[in-house]
Amino acid sequence: MSQTVHSEWGLAGVEALRDRVAVLVIVDILSFSTAVDIATSRGAAILPFPYGDTVAAETAADEAGAVLAAPRNAGGQLSLSPHSLTTITSGTRLMLPSPNGSRLSLAGGTAKVLAGCLRNAAAVARHAHMLAEGGDIAIIPAGERWPDGSLRPAVEDLLGAGAIIAALNLSTSAEARVARDAYRAAGPDLADIIRDSRSGRELAGWGYADDVDLAVEVDVSATAPVLCDGAYRAA
């Protein structure tokens, strides 16, 4: 039976595939996966943590010997903003709560988990293929949340997943094929599509256009962040 790449959305997608695949790749372009790539590329470790309970996060960070990420709007501090991590010091352990990417990262079960984005699509594809050792691979676009908590499929995550699937160049499920073909169809318009997406416009409107600029760069990183012992590190 040939090695196959699968793709399903969000936490339900992780739960549906984690027992069937050897490797899960979490794709949360704006901004968790991009932040993880930038930080681990500089030698830092990123500890994912569910978003929402600040007291629990502070306690967990203390127990793990980690710095807790500040709110994105704190200004000048390490946060979920990828731009804030461009000067992170090698060896830093940063606990990074996020509503989507962190939550999905911690739900992978026994599968090996990587964080993928446009910046490291080819590197993550290579490392996922190696770690899978012939087993199937799942690429999980994280998506966003509507106010009622339901999943909002996000075009940037679809395209990021498609970039990794295209780089894997393996047999695909129907869902993975659609993501791959969407990425290929975007072509030179990829960055403009993401900037004009709901998430891209929201971030730019909140003053984080620099984060979007970092997120739309394709294959500028050779880092494949792998989750091991509760932390993402460069492979």
# chains A, B, ... in the order shown; residues from 1 in each chain; ligands from 1
$ residues_around --residues "range 42-55 of chain A" --least-positions-apart "2" --cutoff "8 Å" --atoms "only C-alpha atoms" --output "VMD selection string"
chain A and resid 36 38 to 40 57 to 59 86 88 to 99 101 to 103 105 to 106 230 to 234
$ write_last_selection --atoms "N, CA and C atoms" --output "mmCIF file, in the first residue's frame"
data_model
loop_
_atom_site.group_PDB
_atom_site.id
_atom_site.type_symbol
_atom_site.label_atom_id
_atom_site.label_comp_id
_atom_site.auth_asym_id
_atom_site.auth_seq_id
_atom_site.Cartn_x
_atom_site.Cartn_y
_atom_site.Cartn_z
ATOM 1 N N VAL A 36 6.764 29.721 15.547
ATOM 2 C CA VAL A 36 7.589 28.569 15.931
ATOM 3 C C VAL A 36 8.794 28.449 14.998
ATOM 4 N N ILE A 38 10.335 30.817 13.258
ATOM 5 C CA ILE A 38 11.308 31.892 13.487
ATOM 6 C C ILE A 38 12.074 31.658 14.783
ATOM 7 N N ALA A 39 11.383 31.283 15.844
ATOM 8 C CA ALA A 39 12.050 31.092 17.137
ATOM 9 C C ALA A 39 12.998 29.900 17.114
ATOM 10 N N THR A 40 12.549 28.781 16.585
ATOM 11 C CA THR A 40 13.418 27.593 16.583
ATOM 12 C C THR A 40 14.585 27.760 15.614
ATOM 13 N N ALA A 57 -1.031 28.931 32.806
ATOM 14 C CA ALA A 57 0.137 29.100 31.939
ATOM 15 C C ALA A 57 1.342 29.579 32.735
ATOM 16 N N GLU A 58 1.132 30.507 33.655
ATOM 17 C CA GLU A 58 2.238 31.002 34.488
ATOM 18 C C GLU A 58 2.821 29.871 35.333
ATOM 19 N N THR A 59 1.957 29.051 35.908
ATOM 20 C CA THR A 59 2.412 27.931 36.719
ATOM 21 C C THR A 59 3.178 26.924 35.876
ATOM 22 N N THR A 86 12.017 37.673 16.216
ATOM 23 C CA THR A 86 13.149 37.744 15.296
ATOM 24 C C THR A 86 14.463 38.051 16.008
ATOM 25 N N ILE A 88 14.896 36.712 19.332
ATOM 26 C CA ILE A 88 14.920 35.819 20.490
ATOM 27 C C ILE A 88 16.303 35.181 20.624
ATOM 28 N N THR A 89 16.733 35.003 21.840
ATOM 29 C CA THR A 89 18.078 34.495 22.112
ATOM 30 C C THR A 89 18.101 32.971 22.059
ATOM 31 N N SER A 90 19.138 32.428 21.463
ATOM 32 C CA SER A 90 19.316 30.973 21.423
ATOM 33 C C SER A 90 19.314 30.418 22.839
ATOM 34 N N GLY A 91 18.632 29.300 23.032
ATOM 35 C CA GLY A 91 18.529 28.686 24.352
ATOM 36 C C GLY A 91 17.308 29.103 25.141
ATOM 37 N N THR A 92 16.613 30.136 24.697
ATOM 38 C CA THR A 92 15.386 30.564 25.384
ATOM 39 C C THR A 92 14.324 29.475 25.293
ATOM 40 N N ARG A 93 13.651 29.230 26.401
ATOM 41 C CA ARG A 93 12.482 28.348 26.426
ATOM 42 C C ARG A 93 11.257 29.241 26.601
ATOM 43 N N LEU A 94 10.438 29.299 25.585
ATOM 44 C CA LEU A 94 9.291 30.206 25.572
ATOM 45 C C LEU A 94 8.004 29.402 25.553
ATOM 46 N N MET A 95 7.186 29.580 26.576
ATOM 47 C CA MET A 95 5.861 28.962 26.577
ATOM 48 C C MET A 95 4.926 29.863 25.791
ATOM 49 N N LEU A 96 4.302 29.294 24.752
ATOM 50 C CA LEU A 96 3.563 30.108 23.796
ATOM 51 C C LEU A 96 2.112 29.638 23.700
ATOM 52 N N PRO A 97 1.223 30.214 24.517
ATOM 53 C CA PRO A 97 -0.200 29.881 24.375
ATOM 54 C C PRO A 97 -0.743 30.414 23.046
ATOM 55 N N SER A 98 -1.607 29.628 22.430
ATOM 56 C CA SER A 98 -2.315 30.103 21.235
ATOM 57 C C SER A 98 -3.635 29.354 21.142
ATOM 58 N N PRO A 99 -4.635 29.987 20.547
ATOM 59 C CA PRO A 99 -5.961 29.364 20.523
ATOM 60 C C PRO A 99 -6.081 28.204 19.551
ATOM 61 N N GLY A 101 -2.945 26.709 17.063
ATOM 62 C CA GLY A 101 -1.757 25.892 16.842
ATOM 63 C C GLY A 101 -1.277 25.156 18.074
ATOM 64 N N SER A 102 -1.244 25.820 19.216
ATOM 65 C CA SER A 102 -0.792 25.161 20.444
ATOM 66 C C SER A 102 -1.728 24.028 20.828
ATOM 67 N N ARG A 103 -3.008 24.310 20.766
ATOM 68 C CA ARG A 103 -4.000 23.312 21.167
ATOM 69 C C ARG A 103 -3.893 22.056 20.296
ATOM 70 N N SER A 105 -1.233 21.118 18.566
ATOM 71 C CA SER A 105 0.075 20.492 18.767
ATOM 72 C C SER A 105 0.054 19.482 19.899
ATOM 73 N N LEU A 106 -0.732 19.778 20.931
ATOM 74 C CA LEU A 106 -0.762 18.941 22.128
ATOM 75 C C LEU A 106 -1.726 17.764 22.007
ATOM 76 N N GLY A 230 7.443 17.931 24.941
ATOM 77 C CA GLY A 230 6.632 19.117 25.208
ATOM 78 C C GLY A 230 7.131 20.408 24.615
ATOM 79 N N ALA A 231 8.177 20.364 23.759
ATOM 80 C CA ALA A 231 8.724 21.585 23.196
ATOM 81 C C ALA A 231 9.085 21.382 21.733
ATOM 82 N N TYR A 232 8.815 22.388 20.925
ATOM 83 C CA TYR A 232 9.300 22.408 19.549
ATOM 84 C C TYR A 232 10.751 22.873 19.539
ATOM 85 N N ARG A 233 11.572 22.111 18.829
ATOM 86 C CA ARG A 233 12.962 22.483 18.617
ATOM 87 C C ARG A 233 13.316 22.223 17.160
ATOM 88 N N ALA A 234 14.324 22.918 16.676
ATOM 89 C CA ALA A 234 14.789 22.678 15.315
ATOM 90 C C ALA A 234 15.338 21.263 15.216
#
$ residues_around --residues "range 142-156 of chain A" --least-positions-apart "6" --cutoff "10 Å" --atoms "only C-alpha atoms" --output "PyMOL selection string"
chain A and resi 8-14+25-30+32-33+99-105+117-118+162+179+182-183+190-191+193-200+215-216
$ residues_around --residues "Ala163 in chain A" --least-positions-apart "2" --cutoff "7 Å" --atoms "only C-alpha atoms" --output "short mmCIF file (atom, residue, chain, number, x, y, z; two decimals) with all heavy atoms, in the first residue's frame"
data_model
loop_
_atom_site.label_atom_id
_atom_site.label_comp_id
_atom_site.auth_asym_id
_atom_site.auth_seq_id
_atom_site.Cartn_x
_atom_site.Cartn_y
_atom_site.Cartn_z
N LEU A 118 4.55 28.40 5.46
CA LEU A 118 5.11 28.68 4.14
C LEU A 118 6.62 28.85 4.20
O LEU A 118 7.35 28.43 3.29
CB LEU A 118 4.46 29.93 3.54
CG LEU A 118 3.01 29.78 3.10
CD1 LEU A 118 2.42 31.15 2.79
CD2 LEU A 118 2.89 28.86 1.89
N ALA A 121 8.19 25.22 4.32
CA ALA A 121 7.40 24.14 3.72
C ALA A 121 8.26 23.00 3.20
O ALA A 121 8.01 21.82 3.50
CB ALA A 121 6.52 24.70 2.59
N LEU A 159 -3.54 27.17 2.11
CA LEU A 159 -2.42 27.36 1.18
C LEU A 159 -1.10 26.88 1.80
O LEU A 159 -0.27 26.30 1.09
CB LEU A 159 -2.32 28.83 0.79
CG LEU A 159 -3.52 29.35 -0.03
CD1 LEU A 159 -3.43 30.87 -0.20
CD2 LEU A 159 -3.59 28.67 -1.39
N GLY A 160 -0.92 27.11 3.09
CA GLY A 160 0.28 26.61 3.75
C GLY A 160 0.34 25.10 3.75
O GLY A 160 1.39 24.49 3.49
N ALA A 161 -0.80 24.46 4.03
CA ALA A 161 -0.86 23.00 3.97
C ALA A 161 -0.56 22.53 2.55
O ALA A 161 0.18 21.56 2.34
CB ALA A 161 -2.23 22.52 4.42
N ILE A 165 2.23 19.83 1.15
CA ILE A 165 1.78 18.65 0.40
C ILE A 165 2.44 18.61 -0.98
O ILE A 165 2.89 17.55 -1.44
CB ILE A 165 0.26 18.65 0.29
CG1 ILE A 165 -0.38 18.49 1.68
CG2 ILE A 165 -0.23 17.54 -0.64
CD1 ILE A 165 -1.84 18.86 1.75
N ALA A 166 2.54 19.77 -1.62
CA ALA A 166 3.20 19.83 -2.92
C ALA A 166 4.66 19.42 -2.81
O ALA A 166 5.19 18.70 -3.67
CB ALA A 166 3.08 21.23 -3.50
N ALA A 167 5.34 19.85 -1.76
CA ALA A 167 6.75 19.52 -1.57
C ALA A 167 6.94 18.04 -1.25
O ALA A 167 7.97 17.45 -1.60
CB ALA A 167 7.34 20.38 -0.46
N ARG A 180 -3.24 21.00 -2.11
CA ARG A 180 -2.06 21.14 -2.98
C ARG A 180 -2.39 21.93 -4.23
O ARG A 180 -1.63 22.83 -4.63
CB ARG A 180 -1.57 19.74 -3.36
CG ARG A 180 -0.36 19.72 -4.29
CD ARG A 180 -0.26 18.38 -4.99
NE ARG A 180 -1.40 18.17 -5.89
CZ ARG A 180 -1.71 16.96 -6.40
NH1 ARG A 180 -1.02 15.89 -6.09
NH2 ARG A 180 -2.76 16.86 -7.22
N TYR A 183 -2.74 25.66 -3.60
CA TYR A 183 -1.44 26.32 -3.48
C TYR A 183 -0.83 26.55 -4.86
O TYR A 183 -0.34 27.66 -5.16
CB TYR A 183 -0.51 25.47 -2.62
CG TYR A 183 0.93 25.91 -2.69
CD1 TYR A 183 1.35 27.09 -2.09
CD2 TYR A 183 1.87 25.15 -3.40
CE1 TYR A 183 2.67 27.51 -2.19
CE2 TYR A 183 3.19 25.56 -3.49
CZ TYR A 183 3.59 26.73 -2.89
OH TYR A 183 4.90 27.14 -2.98
#
